[in-house]
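I have placed the structure first, in the form of structure tokens, so that the comments after it can refer back to it.
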Amino acid sequence: MAADVQLMPATTCLEHQETIIVEDGVTANLENVENVQPDFEVAAGTSTQLTQPSTLSDSSILTNGSLVSSPSSYRKSCRSSKTSSETKVTSTPPPDEVTYGELVVLGYNGSLANGDGGRKRSKFSLCKRAVANGVKPSKKQFITNPKDRKVANEKSTHSVSYTLSRTQAVVVEYEKDEETDMFQIGRSSESPIDFIVTDTISAAQRAAGQTQVAQSTISRFSCRICVERTAPYTARIYAAGFDQHNHIFLGEKASKWYNQDNEIDGLTTNGVLIVHPQGTFSDKGCSPGMWRETSVRGGVYSLRETRSIPSKSQRVDSESNILLDGTLIDLCGATLVWRSQSGLQSAPSPRHLEEFIERINASRPQCPVGLTTLVLPKRNVKIDKSRQPYVYLACGHVHGSHEWKNDSNSRTCPMCMKQGPFVQVQVGRETSLYADNQPLTHVFTPCAHLTSECTARYWSAVAIPYGCQGFRAMCPFCATSLNSKQAGASTKSTGFVKLIFQDNTEF
């Protein structure tokens with residue numbers, strides 16, 4: 001938040017004012033910038049005092065364009081409505097609000113393990129702001145005197161500091177851009193972050209009791225997305241986000257250089273990786289492209305030799321930092337997918353998903369062994385275990401839960417005698433992860449999340465970064481690593497299998 005007050009709805013402005021007044025900062029000194037981690041996230045600034053605009057008197061508060069004469073009564077209503085930075089983010093925007101698109105964290109099937117709340121959630125809608133808050137580069141300064149740090153310490157000015165040595169730095173000042181809205185993503189819970197993202201814990205890890213990683217590799221201020229406020233609402237992604245003092249600091253060890261336009265640029269410690277779909281995300285023949293890395297100024301580069309090596313690679317002029325429907329964003333610990341508003345029209349709505357489930361249940365599929373009618377559960381509806389569908393992953397035959405010979409992880413299908421895991425079918429309920437709006441016919445292996453064929457084929461072909469350890473294909477609903485190939489599988493595709501019911505019902 002800039003030091004000058006923006007005219008926001010008073011329900012937010014007042015509480016932000018009270019929060020910032022009591023917040024202490026640490027003065028950033030270019031002499032000590034080499035001690036700052038090259039993650040740019042430990043930027044500091046001076047303590048801040050937020051004053052009301054001179055146009056408002058002490059007895060009046062501006063709210064939604066109208067003056068409220070009683071601050072005390074206003075504070076009371078503000079507290080009762082709990083309007084703060086933690087509650088201003090909603091997954092479902094009002095119907096009359098312009099929605100640019102959605103960011104969805106892979107590995108969570110509709111909500112975080114502990115539930116969504118405030119800015120920490122599995123899905124975040126980017127909506128048009130009442131007042132533009134975007135910024136763009138305006139001018140730069142070359143600083144040789146550590147005491148000459150006026151711009152770097154002014155909270156009213158957005159700036160990026162590129163540290164060259166103990167005594168030298170280049171500070172790029174940013175000015176307001178009335179044509180764009182800016183949204184910031186990161187691990188920090190401080191107010192500049194719109195969408196809080198933490199390291200993804202797979203379903204298998206959660207089942208084993210693990211709730212968090214020992215040491216996060218996600219930056220506190222990972223990246224920022226700037227969206228044009230006019231149609232077609234083009235969204236661009238940049239590495240690094242501005243901290244609570246509106247600054248970005250790249251330490252001496254961070255990779256930095258001058259680009260072809262003689263503008264300084266740089267990369268963050270673990271980087272922000274993106275991959276665009278080749279073709280339209282909802283098309284059956286769509287495939288993922290090559291992973292690239294985006295810079296602080298939005299340049300696109302090929303991947304470094306290792307994730308955190310302090311050097312840049314070759315610039316890729318044929319690609320840009322413009323987000324397309326289906327673009328994946330990796331923050332080194334969590335991967336997000338961008339769904340544009342137009343792209344979401346091709347994905348099923350929750351109502352459509354329930355209709356697909358009803359269609360399967362209406363066919364009354366039976367277990368060939370127990371002859372019980374199998375039922376896919378609707379959301380928040382519990383079904384007796386004996387009626388829940390299970391699948392043999394080696395072949396795709398669907399049964400009910402039953403004991404069969406050696407009850408172990410590997411079983412023999414009584415229909416075709418192929419051996420493989422026997423797993424309960426689960427519905428993939430995060431509809432924003434669907435590539436099309438088609439019936440549910442396939443499951444990922446080995447987790448058995450049910451989805452459409454197009455969705456299964458696309459995600460099984462995507463190699464997603466696994467922290468700093470390499471790449472893997474994973475289920476988008478639970479972050480479980482997909483099998484490279486099931487022995488004796490009935491399909492040549494990898495990572496998924498088609499469901500086969502007793503009567504060969506097609507959906």
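We label chains A, B, ... in the order they appear in the structure tokens, count residues from 1 in each chain, and number ligands from 1 in the order shown.
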
(request) Please run DSSP on the backbone and report, as number ranges by chain, all residues within region 137-198 of chain A that come out as alpha helix (DSSP H). (result) A: 150-153

(request) Might you pull out every residue within 9 Å of region 346-351 of chain A, with only C-alpha atoms counted and same-chain residues fewer than 5 positions away left off, and present them as a list in words? (result)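 With the cut-off at 9 Å, the set is Ser282, Phe356, Arg429, Glu430, Thr431, Ser432, Leu433, Tyr434, Ala435, Asp436, Asn437 and Gln438 of chain A.
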
(request) Could you give me, as a PyMOL selection string, each residue of region 403-500 of chain A that DSSP assigns to strand (DSSP E or B) when run on this structure's backbone? (result) chain A and resi 411-412+419-420+422-424+426-427+442-444+449-451+464-465+471-472+474+481+496-498+500

Preceding selection exported with N, CA and C atoms as a compact mmCIF listing (two decimals), in the first residue's frame:
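Contents of out_35.txt, freshly written:
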# COMPACT_ATOMS: atom_id res chain seq x y z
N ARG A 411 -4.02 -56.59 -6.62
CA ARG A 411 -5.09 -57.58 -6.70
C ARG A 411 -5.28 -58.06 -8.12
N THR A 412 -5.94 -59.18 -8.22
CA THR A 412 -6.25 -59.73 -9.54
C THR A 412 -7.70 -59.42 -9.89
N GLN A 419 -3.42 -58.10 -12.85
CA GLN A 419 -3.08 -57.68 -11.49
C GLN A 419 -2.73 -56.21 -11.46
N GLY A 420 -3.14 -55.57 -10.37
CA GLY A 420 -2.82 -54.16 -10.19
C GLY A 420 -3.51 -53.60 -8.96
N PHE A 422 -6.09 -51.70 -6.48
CA PHE A 422 -7.55 -51.65 -6.42
C PHE A 422 -7.89 -50.44 -5.56
N VAL A 423 -8.39 -49.36 -6.18
CA VAL A 423 -8.48 -48.06 -5.53
C VAL A 423 -9.90 -47.50 -5.65
N GLN A 424 -10.34 -46.81 -4.60
CA GLN A 424 -11.66 -46.18 -4.63
C GLN A 424 -11.67 -45.01 -5.61
N GLN A 426 -12.59 -41.45 -6.92
CA GLN A 426 -12.91 -40.15 -6.33
C GLN A 426 -13.20 -39.16 -7.45
N VAL A 427 -14.14 -38.27 -7.23
CA VAL A 427 -14.51 -37.30 -8.25
C VAL A 427 -13.58 -36.10 -8.20
N HIS A 442 -12.71 -41.24 -17.32
CA HIS A 442 -11.36 -41.72 -17.05
C HIS A 442 -10.93 -41.36 -15.63
N VAL A 443 -9.97 -42.12 -15.12
CA VAL A 443 -9.38 -41.82 -13.82
C VAL A 443 -7.86 -41.74 -13.95
N PHE A 444 -7.27 -40.85 -13.16
CA PHE A 444 -5.81 -40.80 -13.09
C PHE A 444 -5.31 -42.00 -12.28
N HIS A 449 -8.67 -40.36 -9.38
CA HIS A 449 -9.56 -39.20 -9.48
C HIS A 449 -10.26 -39.23 -10.83
N LEU A 450 -11.58 -39.14 -10.81
CA LEU A 450 -12.41 -39.26 -11.99
C LEU A 450 -12.50 -37.92 -12.72
N THR A 451 -12.34 -37.95 -14.04
CA THR A 451 -12.39 -36.74 -14.84
C THR A 451 -12.76 -37.09 -16.27
N ILE A 464 5.50 -31.22 -14.58
CA ILE A 464 5.39 -30.11 -13.64
C ILE A 464 6.61 -30.10 -12.72
N PRO A 465 7.22 -28.93 -12.50
CA PRO A 465 8.38 -28.86 -11.60
C PRO A 465 8.05 -29.42 -10.21
N PHE A 471 11.22 -32.65 -12.64
CA PHE A 471 9.87 -32.54 -13.18
C PHE A 471 9.16 -33.89 -13.05
N ARG A 472 7.83 -33.83 -13.01
CA ARG A 472 7.01 -35.03 -12.91
C ARG A 472 5.61 -34.72 -13.41
N MET A 474 1.69 -35.11 -12.61
CA MET A 474 0.95 -35.31 -11.37
C MET A 474 -0.54 -35.06 -11.58
N SER A 481 1.98 -38.09 -7.81
CA SER A 481 2.74 -38.38 -9.02
C SER A 481 2.04 -39.47 -9.81
N PHE A 496 -3.30 -42.54 -16.79
CA PHE A 496 -4.76 -42.60 -16.63
C PHE A 496 -5.28 -43.86 -17.29
N VAL A 497 -6.53 -44.22 -16.96
CA VAL A 497 -7.16 -45.39 -17.53
C VAL A 497 -8.66 -45.12 -17.65
N LYS A 498 -9.29 -45.72 -18.66
CA LYS A 498 -10.73 -45.55 -18.86
C LYS A 498 -11.50 -46.52 -17.99
N ILE A 500 -14.32 -49.11 -16.97
CA ILE A 500 -15.13 -50.12 -17.66
C ILE A 500 -16.13 -50.68 -16.64

(message) Which residues are near region 363-377 of chain A? Cut-off 6 Å, only C-alpha atoms, ignore same chain within fewer than 4 positions. Put them as a PyMOL selection string.
(response) chain A and resi 381+387-389+399-400

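From CA of Asn246 (chain A) back to CA of Ser156 (chain A), the distance works out to 7.5 Å.
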
(request) Counting only C-alpha atoms, figure out which residue out of A:Lys382, A:His352, A:Lys284, A:Arg187 gets nearest to Glu453 (chain A). (result) A:Lys284

(message) I'd like the interatomic distance between CA of Cys478 (chain A) and CA of Gly279 (chain A), to a tenth of an Å.
(response)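 So the two atoms, CA of Cys478 (chain A) and CA of Gly279 (chain A), lie 25.7 Å apart.
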
(message) Residues within 6 Å of Ala240 (chain A), please, as a list of chain:residue names. Count only C-alpha atoms; anything in the same chain fewer than 5 positions from it doesn't count.
(response) A:Phe221, A:Ser222, A:Cys223

(message) Restricting the calculation to only C-alpha atoms: of A:Ala231, A:Ile201, A:Leu267, A:Leu344, which residue gets closest to Ser313 (chain A)?
(response)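 Nearest to Ser313 (chain A): A:Leu267.
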